[in-house]
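Quick look at final32.cif (mmCIF, C-alpha atoms):
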```
data_run
loop_
_atom_site.label_atom_id
_atom_site.label_comp_id
_atom_site.auth_asym_id
_atom_site.auth_seq_id
_atom_site.Cartn_x
_atom_site.Cartn_y
_atom_site.Cartn_z
CA MET A 273 -67.68 -49.63 -80.90
CA GLU A 274 -69.99 -52.62 -81.45
CA LEU A 275 -70.21 -54.33 -84.82
CA THR A 276 -72.67 -56.86 -86.16
CA HIS A 277 -71.34 -60.33 -86.92
CA SER A 278 -71.87 -59.65 -90.61
CA LEU A 279 -69.65 -56.56 -90.51
CA GLU A 280 -67.00 -58.46 -88.57
CA ASP A 281 -67.09 -61.05 -91.37
CA TYR A 282 -66.41 -58.26 -93.86
CA LEU A 283 -63.37 -57.11 -91.92
CA GLU A 284 -62.06 -60.68 -91.73
CA ALA A 285 -62.65 -61.15 -95.47
CA ILE A 286 -60.73 -57.97 -96.32
CA LEU A 287 -57.83 -59.19 -94.18
CA ILE A 288 -57.79 -62.63 -95.85
CA ILE A 289 -58.04 -61.21 -99.37
CA ASN A 290 -55.30 -58.68 -98.63
CA ARG A 291 -52.97 -61.51 -97.60
CA GLU A 292 -53.56 -63.21 -100.92
CA LYS A 293 -53.41 -60.09 -103.06
CA LYS A 294 -51.58 -56.77 -102.82
CA VAL A 295 -54.82 -54.78 -103.01
CA VAL A 296 -58.49 -55.44 -102.21
CA ARG A 297 -61.22 -54.41 -104.62
CA VAL A 298 -64.99 -54.45 -104.21
CA LYS A 299 -65.21 -57.23 -106.80
CA ASP A 300 -62.85 -59.36 -104.69
CA ILE A 301 -65.18 -59.05 -101.70
CA MET A 302 -68.20 -59.81 -103.92
CA LYS A 303 -66.50 -62.99 -105.14
CA TYR A 304 -65.47 -64.01 -101.62
CA PHE A 305 -69.03 -63.87 -100.28
CA GLY A 306 -71.03 -64.33 -103.47
CA TYR A 307 -72.85 -61.05 -102.73
CA LYS A 308 -74.14 -58.38 -105.09
CA VAL A 309 -72.26 -55.10 -105.46
CA SER A 310 -75.04 -53.16 -103.73
CA SER A 311 -74.75 -55.29 -100.57
CA VAL A 312 -70.97 -54.96 -100.44
CA ASN A 313 -71.07 -51.20 -101.00
CA ARG A 314 -73.62 -50.73 -98.20
CA ALA A 315 -71.45 -52.69 -95.77
CA LEU A 316 -68.31 -50.78 -96.77
CA MET A 317 -70.12 -47.48 -96.30
CA VAL A 318 -71.06 -48.43 -92.73
CA LEU A 319 -67.53 -49.67 -91.98
CA ARG A 320 -66.04 -46.47 -93.39
CA GLU A 321 -68.38 -44.30 -91.32
CA LYS A 322 -67.44 -46.23 -88.18
CA GLY A 323 -63.73 -45.80 -88.96
CA PHE A 324 -62.84 -49.42 -89.74
CA VAL A 325 -61.96 -49.13 -93.46
CA PHE A 326 -60.61 -46.62 -95.94
CA HIS A 327 -62.63 -46.68 -99.14
CA GLU A 328 -63.62 -44.15 -101.78
CA LYS A 329 -65.74 -44.92 -104.81
CA TYR A 330 -63.84 -47.02 -107.38
CA GLU A 331 -60.83 -47.12 -105.04
CA TYR A 332 -59.16 -49.96 -103.19
CA VAL A 333 -60.43 -51.12 -99.79
CA GLU A 334 -58.04 -50.89 -96.84
CA LEU A 335 -58.43 -51.64 -93.16
CA THR A 336 -57.77 -48.89 -90.66
CA PRO A 337 -55.58 -49.81 -87.65
CA GLN A 338 -58.77 -50.30 -85.60
CA GLY A 339 -60.37 -52.40 -88.34
CA ALA A 340 -57.22 -54.49 -88.73
CA MET A 341 -57.14 -55.20 -84.99
CA ILE A 342 -60.72 -56.54 -85.03
CA ALA A 343 -60.11 -58.50 -88.24
CA GLU A 344 -57.01 -60.17 -86.77
CA ARG A 345 -58.91 -61.10 -83.61
CA ILE A 346 -61.76 -62.70 -85.55
CA TYR A 347 -59.40 -64.45 -87.98
CA GLU A 348 -57.27 -65.96 -85.19
CA ARG A 349 -60.40 -67.36 -83.56
CA HIS A 350 -61.57 -68.75 -86.87
CA LYS A 351 -58.26 -70.51 -87.53
CA LEU A 352 -58.18 -72.00 -84.04
CA LEU A 353 -61.75 -73.30 -84.23
CA VAL A 354 -61.22 -74.82 -87.68
CA LYS A 355 -58.06 -76.51 -86.41
CA PHE A 356 -59.84 -77.84 -83.33
CA PHE A 357 -62.84 -79.17 -85.26
CA SER A 358 -60.89 -80.64 -88.18
CA LYS A 359 -57.56 -81.77 -86.67
CA ILE A 360 -58.73 -82.78 -83.19
CA LEU A 361 -62.42 -83.68 -83.50
CA ASN A 362 -61.92 -84.98 -87.08
CA VAL A 363 -64.84 -83.00 -88.53
CA SER A 364 -64.78 -82.49 -92.31
CA PRO A 365 -62.88 -79.32 -93.40
CA GLU A 366 -66.01 -77.82 -94.97
CA LEU A 367 -68.12 -78.28 -91.85
CA ALA A 368 -65.24 -77.20 -89.60
CA SER A 369 -64.97 -73.91 -91.51
CA LYS A 370 -68.72 -73.34 -91.37
CA ASP A 371 -68.91 -74.05 -87.63
CA GLY A 372 -65.86 -71.88 -87.05
CA CYS A 373 -67.58 -68.95 -88.75
CA ASN A 374 -70.66 -69.41 -86.57
CA ILE A 375 -68.76 -69.62 -83.28
CA GLU A 376 -65.84 -67.21 -83.78
CA HIS A 377 -67.96 -64.15 -82.93
CA TYR A 378 -69.05 -65.55 -79.56
CA LEU A 379 -65.71 -66.85 -78.27
CA SER A 380 -64.47 -64.86 -75.28
CA GLU A 381 -60.82 -63.92 -74.86
CA GLU A 382 -60.44 -66.35 -71.94
CA SER A 383 -62.03 -69.25 -73.85
CA PHE A 384 -59.89 -68.47 -76.90
CA LYS A 385 -56.67 -68.57 -74.87
CA LYS A 386 -57.58 -71.77 -73.04
CA LEU A 387 -58.77 -73.54 -76.18
CA SER A 388 -55.53 -72.52 -77.88
CA LEU A 389 -53.51 -73.96 -74.99
CA PHE A 390 -55.61 -77.14 -75.04
CA VAL A 391 -54.99 -77.73 -78.75
CA GLU A 392 -51.27 -77.10 -78.26
CA PHE A 393 -51.29 -79.44 -75.23
CA LEU A 394 -52.83 -82.27 -77.27
CA GLU A 395 -50.73 -81.82 -80.39
CA ASP A 396 -47.35 -81.25 -78.76
CA ARG A 397 -47.52 -83.32 -75.58
CA HIS A 398 -50.21 -85.96 -76.11
CA PRO A 399 -50.53 -86.71 -79.85
CA ASN A 400 -51.43 -90.33 -79.06
CA ILE A 401 -54.68 -89.19 -77.46
CA VAL A 402 -55.69 -87.53 -80.72
CA LYS A 403 -54.69 -90.65 -82.65
CA GLU A 404 -56.70 -92.90 -80.32
CA TRP A 405 -59.72 -90.60 -80.63
CA HIS A 406 -59.58 -90.78 -84.43
CA GLN A 407 -59.27 -94.55 -84.26
CA HIS A 408 -62.25 -94.65 -81.90
CA LEU A 409 -64.29 -92.61 -84.39
CA LEU A 410 -63.28 -94.99 -87.16
CA ALA A 411 -64.41 -97.94 -85.07
CA GLU A 412 -67.73 -96.25 -84.26
CA THR A 413 -68.50 -95.49 -87.88
CA SER A 414 -67.13 -98.63 -89.54
CA GLU A 415 -69.89 -100.72 -91.10
CA GLY A 416 -70.20 -104.14 -89.56
CA SER A 417 -67.74 -103.33 -86.76
CA ASP A 418 -70.11 -104.93 -84.23
CA SER A 419 -70.35 -108.27 -86.04
CA LEU A 420 -67.09 -109.96 -84.99
CA LYS A 421 -65.50 -110.33 -81.55
CA LEU A 422 -61.95 -111.23 -80.59
CA SER A 423 -63.33 -114.38 -78.99
CA ASP A 424 -64.52 -115.50 -82.46
CA LEU A 425 -60.98 -115.89 -83.78
CA LYS A 426 -59.20 -119.21 -83.99
CA LYS A 427 -55.56 -120.05 -83.39
CA GLY A 428 -53.29 -118.40 -85.96
CA GLU A 429 -55.87 -115.86 -87.12
CA SER A 430 -55.13 -112.14 -87.03
CA ALA A 431 -57.34 -109.08 -86.93
CA THR A 432 -57.51 -105.33 -86.36
CA ILE A 433 -59.22 -103.99 -83.26
CA ARG A 434 -62.15 -101.79 -84.22
CA LYS A 435 -63.99 -101.05 -80.99
CA ILE A 436 -63.91 -101.70 -77.24
CA LYS A 437 -67.39 -102.31 -75.81
CA ALA A 438 -66.30 -102.70 -72.19
CA LYS A 439 -67.32 -100.40 -69.37
CA ALA A 440 -65.01 -97.58 -68.32
CA SER A 441 -62.87 -99.47 -65.78
CA LEU A 442 -62.29 -102.48 -68.03
CA LYS A 443 -61.79 -100.26 -71.07
CA ARG A 444 -59.02 -98.40 -69.23
CA LYS A 445 -57.42 -101.75 -68.40
CA PHE A 446 -57.53 -102.79 -72.07
CA LEU A 447 -56.06 -99.47 -73.21
CA SER A 448 -53.23 -99.77 -70.69
CA MET A 449 -52.48 -103.23 -72.11
CA GLY A 450 -52.20 -101.80 -75.63
CA LEU A 451 -55.60 -103.06 -76.79
CA ILE A 452 -56.38 -99.92 -78.79
CA PRO A 453 -58.60 -99.54 -81.86
CA GLY A 454 -56.44 -99.77 -84.96
CA GLU A 455 -53.90 -102.18 -83.46
CA LYS A 456 -53.25 -105.64 -84.95
CA VAL A 457 -53.72 -108.80 -82.85
CA VAL A 458 -52.76 -112.41 -83.54
CA VAL A 459 -54.36 -115.34 -81.72
CA GLU A 460 -51.58 -117.60 -80.42
CA ARG A 461 -53.64 -120.14 -78.51
CA VAL A 462 -57.26 -120.80 -77.61
CA ALA A 463 -58.00 -122.97 -74.58
CA PRO A 464 -60.89 -125.45 -74.58
CA PHE A 465 -64.24 -123.63 -74.64
CA GLY A 466 -62.38 -120.46 -75.58
CA ASP A 467 -61.27 -119.57 -72.09
CA PRO A 468 -58.66 -118.11 -71.98
CA THR A 469 -57.46 -116.80 -75.35
CA ASP A 470 -53.77 -116.02 -75.69
CA ILE A 471 -52.90 -113.23 -78.13
CA VAL A 472 -49.89 -111.27 -79.36
CA ILE A 473 -50.18 -107.50 -79.77
CA LYS A 474 -47.30 -105.09 -80.46
CA GLY A 475 -44.88 -107.93 -79.64
CA TYR A 476 -46.42 -108.63 -76.22
CA HIS A 477 -48.18 -111.81 -75.13
CA LEU A 478 -51.50 -111.37 -73.34
CA SER A 479 -54.06 -113.80 -71.97
CA LEU A 480 -57.73 -112.79 -71.99
CA ARG A 481 -60.72 -114.50 -70.47
CA LYS A 482 -63.61 -115.19 -72.83
CA GLU A 483 -65.84 -112.50 -71.30
CA GLU A 484 -63.00 -110.01 -71.84
CA ALA A 485 -62.39 -111.10 -75.44
CA ASP A 486 -66.14 -110.75 -76.05
CA GLN A 487 -65.83 -107.00 -75.35
CA ILE A 488 -63.27 -106.41 -78.11
CA LEU A 489 -64.75 -105.99 -81.58
CA ILE A 490 -62.44 -106.70 -84.49
CA GLU A 491 -62.13 -106.92 -88.25
CA ARG A 492 -60.58 -110.20 -89.31
CA ASP A 493 -57.56 -109.95 -91.63
CA ILE A 494 -58.16 -111.48 -95.04
CA LYS A 495 -55.57 -114.09 -95.95
CA SER A 496 -54.01 -113.65 -99.37
#
```
Any chance you could put this one into structure tokens?
Amino acid sequence: MELTHSLEDYLEAILIINREKKVVRVKDIMKYFGYKVSSVNRALMVLREKGFVFHEKYEYVELTPQGAMIAERIYERHKLLVKFFSKILNVSPELASKDGCNIEHYLSEESFKKLSLFVEFLEDRHPNIVKEWHQHLLAETSEGSDSLKLSDLKKGESATIRKIKAKASLKRKFLSMGLIPGEKVVVERVAPFGDPTDIVIKGYHLSLRKEEADQILIERDIKS
């Protein structure tokens, strides 16, 4: 039996409220959505007629087995989408919840299962990818991150990598060498005319040509 997205939201809300409280009242649903009593009563009447809730006037609201099944399905999608947007994509919790509400009704069973596996894959087996992505976002949004290059540093100076401007092939080379946004670098030696520049990162010594160092944007450490 087909339900509107609004009615599915009601079922999900009843489920969520019921997990927080022992019983669900009309006023609880009104508070959850910010709706008037007339709107909530109309929705409950439709849900009762369709066999998704038990509700008599002035009585508690309960999900039927069929209503609970739909509510659980919607809620699981909502939780997964919020997790993906907030924990993986690093979207703000408020926006992640809003986007989750908009998308949860359209997510197919196959997409839900594969997205769930993808989130688990990243969190359990490749957490560094998530960390690097968040660092990349930080570099992209940091004010003034484009103003200073690794090639601008002098011997003995240290900095934090903020962004890699290089093309894909060179960027992969840098990442494999540990040149990742968020990592600290120290300039050990600068050859005449700045080519090459010897640095230390994560305890390793690397030598970069000037055109390579020009592709690495940094934030110079402030000496105390």
Please enumerate the residues selected by the PyMOL selection byres ((chain A and resi 387) around 12) when evaluated against the supplied file, formatted as a PDB file with C-alpha atoms, in the coordinates of the input.
```pdb
ATOM      1  CA  GLU A 348     -57.270 -65.960 -85.190  1.00  0.00           C
ATOM      2  CA  ARG A 349     -60.400 -67.360 -83.560  1.00  0.00           C
ATOM      3  CA  LYS A 351     -58.260 -70.510 -87.530  1.00  0.00           C
ATOM      4  CA  LEU A 352     -58.180 -72.000 -84.040  1.00  0.00           C
ATOM      5  CA  LEU A 353     -61.750 -73.300 -84.230  1.00  0.00           C
ATOM      6  CA  VAL A 354     -61.220 -74.820 -87.680  1.00  0.00           C
ATOM      7  CA  LYS A 355     -58.060 -76.510 -86.410  1.00  0.00           C
ATOM      8  CA  PHE A 356     -59.840 -77.840 -83.330  1.00  0.00           C
ATOM      9  CA  PHE A 357     -62.840 -79.170 -85.260  1.00  0.00           C
ATOM     10  CA  ILE A 360     -58.730 -82.780 -83.190  1.00  0.00           C
ATOM     11  CA  LEU A 379     -65.710 -66.850 -78.270  1.00  0.00           C
ATOM     12  CA  SER A 380     -64.470 -64.860 -75.280  1.00  0.00           C
ATOM     13  CA  GLU A 381     -60.820 -63.920 -74.860  1.00  0.00           C
ATOM     14  CA  GLU A 382     -60.440 -66.350 -71.940  1.00  0.00           C
ATOM     15  CA  SER A 383     -62.030 -69.250 -73.850  1.00  0.00           C
ATOM     16  CA  PHE A 384     -59.890 -68.470 -76.900  1.00  0.00           C
ATOM     17  CA  LYS A 385     -56.670 -68.570 -74.870  1.00  0.00           C
ATOM     18  CA  LYS A 386     -57.580 -71.770 -73.040  1.00  0.00           C
ATOM     19  CA  SER A 388     -55.530 -72.520 -77.880  1.00  0.00           C
ATOM     20  CA  LEU A 389     -53.510 -73.960 -74.990  1.00  0.00           C
ATOM     21  CA  PHE A 390     -55.610 -77.140 -75.040  1.00  0.00           C
ATOM     22  CA  VAL A 391     -54.990 -77.730 -78.750  1.00  0.00           C
ATOM     23  CA  GLU A 392     -51.270 -77.100 -78.260  1.00  0.00           C
ATOM     24  CA  PHE A 393     -51.290 -79.440 -75.230  1.00  0.00           C
ATOM     25  CA  LEU A 394     -52.830 -82.270 -77.270  1.00  0.00           C
TER      26      LEU A 394
END
```
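As for CA of Val457 in chain A and CA of Val402 in chain A, they are spaced 21.5 Å apart.
The coordinates place CA of Tyr332 in chain A at 6.5 Å from CA of Val295 in chain A.
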* Structure fact -> A straight line from CA of Ile436 in chain A to CA of Glu366 in chain A spans 29.8 Å
* Within 12 Å of Ser423 in chain A, counting all atoms listed in the file, which residues show up once you throw out same-chain ones fewer than 6 positions away? Write them as a PyMOL selection string, please. => chain A and resi 429-431+433+457-459+461-463+465-471+479-492
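Minimum atom-to-atom distances from A:Leu275, A:Phe326, A:Lys426, A:Ile473 to His377 in chain A were compared using all atoms listed in the file, and the lowest value belongs to A:Leu275.
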* Expansion of the PyMOL selection byres ((chain A and resi 454) around 6) into residues, as an NGL selection string -> :A and (407 or 432-433 or 453 or 455)
